[in-house]
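Input: a single structure, listed below in structure tokens.
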Amino acid sequence: MTATAAAAADVAVPAVPAVPAVPALATGGAFRSLRIRNFRLYAGANLVNNTGTWMQRIAQDWLVLQLSDSGLALGIVTALQFAPILALSLYGGMLADRYDKRRLMMITQATMGLAALVLGLLVLTDLVALWHVFVIAGCLGVAAAMDMPIRQSFASEIVGTDNLANAVSLNSAIFNAARLVGPAIAGLMIAAAGDDTGPVFLLNAGSYVVTILALRFMRPSELSRSPEVPRGRGQLRAALTYVNGHPDIKAAMLLVFVVGTFGLNFQITMALMVTDVFGRGAEAFGLLSTAFALGSLSGALLSTRRAGRPRQRTLYLAALVFGLFEVACGFMPGYLAFAVVLIPTGAAALTFMVAANSFVQLGVDPTMRGRVMALYFMAFMGGTPVGAPVVGWMGENLGAPVGLIAGGAIVAVAAAALGLIGIRSRGLRLQARVFPRPRVRLGPNRERSGALTVHPRSS
């Protein structure tokens, strides 16, 4: 923790004690983190749990459409699921810095499993109403707000900082492998059950049991635990002070906020594209989610070979490309063309998310990691309560393609603007040349004008 952050926390920061070493790994390899036993347990459980979670998301959206046939209702239920992140995520990060993250995750996973079980029983007994879905979405949001910063900061304890970037990429690959198969399975199950979503919710409830068992059988002696921060005044304020004092992290979080608020609302726009534009059913909805996940999985696997902290310009470029592909999705004339363009869109989105996560985690002090990652997820998902209803309203009243085009354009403009601001603030300017071969690079700006310099053909 920096001196400024420590002063803001008004608490003495203990000396970092010796922590158990993560088992040594051979360097290199896209799957090197899987050589750690605890990470293998964690990754396997994540695959099962994330598959169930993606199945539930598809089933939940389909259930809302069955009960209301409203894009606005889809936006509201999404907002209710993510709104608690604004209020509680930072508190979850503080708990992650104070207590045993493995035990905290057992509690949050059990809570989310119970919520899925209740929703499944309500559907199977034909007692479910729209307000039930709203309430349970809110309960899931509360548990997720606590779970996310704990889960993210726990990854470094499993694999150590040297393998953190690789572990983040593998977790993203697992997440998107689940996203690849989960929606398709959910669509098939719903269709096979005669449009009944209940079995999907029950299956997801069982997936949380797998995660709890995996956490239970980890070897605590092989965890590289961060020093626990004692109780004290001003610890939440300290996280804000810390981020404010690191312009690179602050800029990354701002871009993450824009992407999460306006760009990543595909659970709403795809559902409306399927029903209102293409006139298809649950199977088509699930397959579109699978196409997006296929691209995301490709982006995650390409990121596994990255070593160390990503460069800041990687974040801006990935966000810009993602925004442009999302705009292209809005102009696609048919179902097949839309599905094809979703693949590179997913790859660009995942490249950005992996880079942003690694950039923040590897740039923060270990004693602040839980709280800073909580701020990261507040930025990434906290804007969803605003963005989701807006995109849902636009899709319902102006057409689903308009929501895609507007969201992608906002992301692209924000990425370009932040990139240019970053170039100017570092005293650099963009330099381009055509001969002897085309090249664009950043160079020193002696005039600090930020102008574009074009090098002519040398004589």
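Starting from 1 in every chain, residues are counted up; chains themselves are A, B, ... following the order of the structure tokens, and ligands are numbered from 1 as listed.
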
If you count only C-alpha atoms, which residues fall within 8 Å of A:Ala388, apart from same-chain ones fewer than 2 positions away, as a PyMOL selection string? chain A and resi 75-76+78-79+261-262+265+268+384-386+390-392

Export of the given selection (C-alpha atoms) as a PDB file, in the first residue's frame:
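Saved file out_14.pdb follows:
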ATOM      1  CA  GLY A  75     -33.692  -4.578 -18.868  1.00  0.00           C
ATOM      2  CA  ILE A  76     -35.219  -4.263 -15.400  1.00  0.00           C
ATOM      3  CA  THR A  78     -30.829  -7.357 -15.587  1.00  0.00           C
ATOM      4  CA  ALA A  79     -30.569  -4.069 -13.713  1.00  0.00           C
ATOM      5  CA  THR A 261     -22.559   0.067 -19.492  1.00  0.00           C
ATOM      6  CA  PHE A 262     -23.144   0.514 -23.221  1.00  0.00           C
ATOM      7  CA  ASN A 265     -25.787  -5.785 -23.205  1.00  0.00           C
ATOM      8  CA  ILE A 268     -30.945  -8.085 -24.081  1.00  0.00           C
ATOM      9  CA  THR A 384     -25.537  -2.007 -16.141  1.00  0.00           C
ATOM     10  CA  PRO A 385     -28.535  -0.756 -14.070  1.00  0.00           C
ATOM     11  CA  VAL A 386     -28.385   2.385 -16.217  1.00  0.00           C
ATOM     12  CA  VAL A 390     -31.869   2.184 -21.811  1.00  0.00           C
ATOM     13  CA  VAL A 391     -30.768  -0.461 -24.319  1.00  0.00           C
ATOM     14  CA  GLY A 392     -33.927  -2.481 -23.595  1.00  0.00           C
TER      15      GLY A 392
END

Determine, using only C-alpha atoms, which residues of stretch 170-257 of chain A have any atom at most 10 Å from an atom of stretch 273-286 of chain A, and tabulate each with its shortest atom pair and distance in Å to one decimal place, rows ordered by chain and then rising number, as a Markdown table.
| residue | atom | partner | partner_atom | distance |
| --- | --- | --- | --- | --- |
| A:Arg179 | CA | A:Gly286 | CA | 9.8 |
| A:Leu180 | CA | A:Gly286 | CA | 9.2 |
| A:Val181 | CA | A:Gly286 | CA | 8.9 |
| A:Gly182 | CA | A:Gly286 | CA | 8.2 |
| A:Pro183 | CA | A:Gly286 | CA | 4.6 |
| A:Ala184 | CA | A:Gly286 | CA | 4.6 |
| A:Ile185 | CA | A:Gly286 | CA | 7.8 |
| A:Ala186 | CA | A:Gly286 | CA | 7.0 |
| A:Gly187 | CA | A:Glu283 | CA | 4.8 |
| A:Leu188 | CA | A:Glu283 | CA | 6.2 |
| A:Met189 | CA | A:Glu283 | CA | 9.3 |
| A:Ile190 | CA | A:Ala282 | CA | 7.4 |
| A:Ala191 | CA | A:Ala282 | CA | 6.9 |
| A:Asp195 | CA | A:Ala282 | CA | 8.3 |

Contacts of A:Ala173 at 10 Å (only C-alpha atoms; same-chain gap of 3+ positions) as JSON, numbers by chain: {"A": [47, 167, 168, 169, 170, 176, 177, 178, 179, 293, 294, 296, 297, 298, 299, 300, 301, 302, 303, 304, 350, 354]}

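Straight-line separation from atom CA of A:Ala347 to atom CA of A:Glu326: 11.4 Å.
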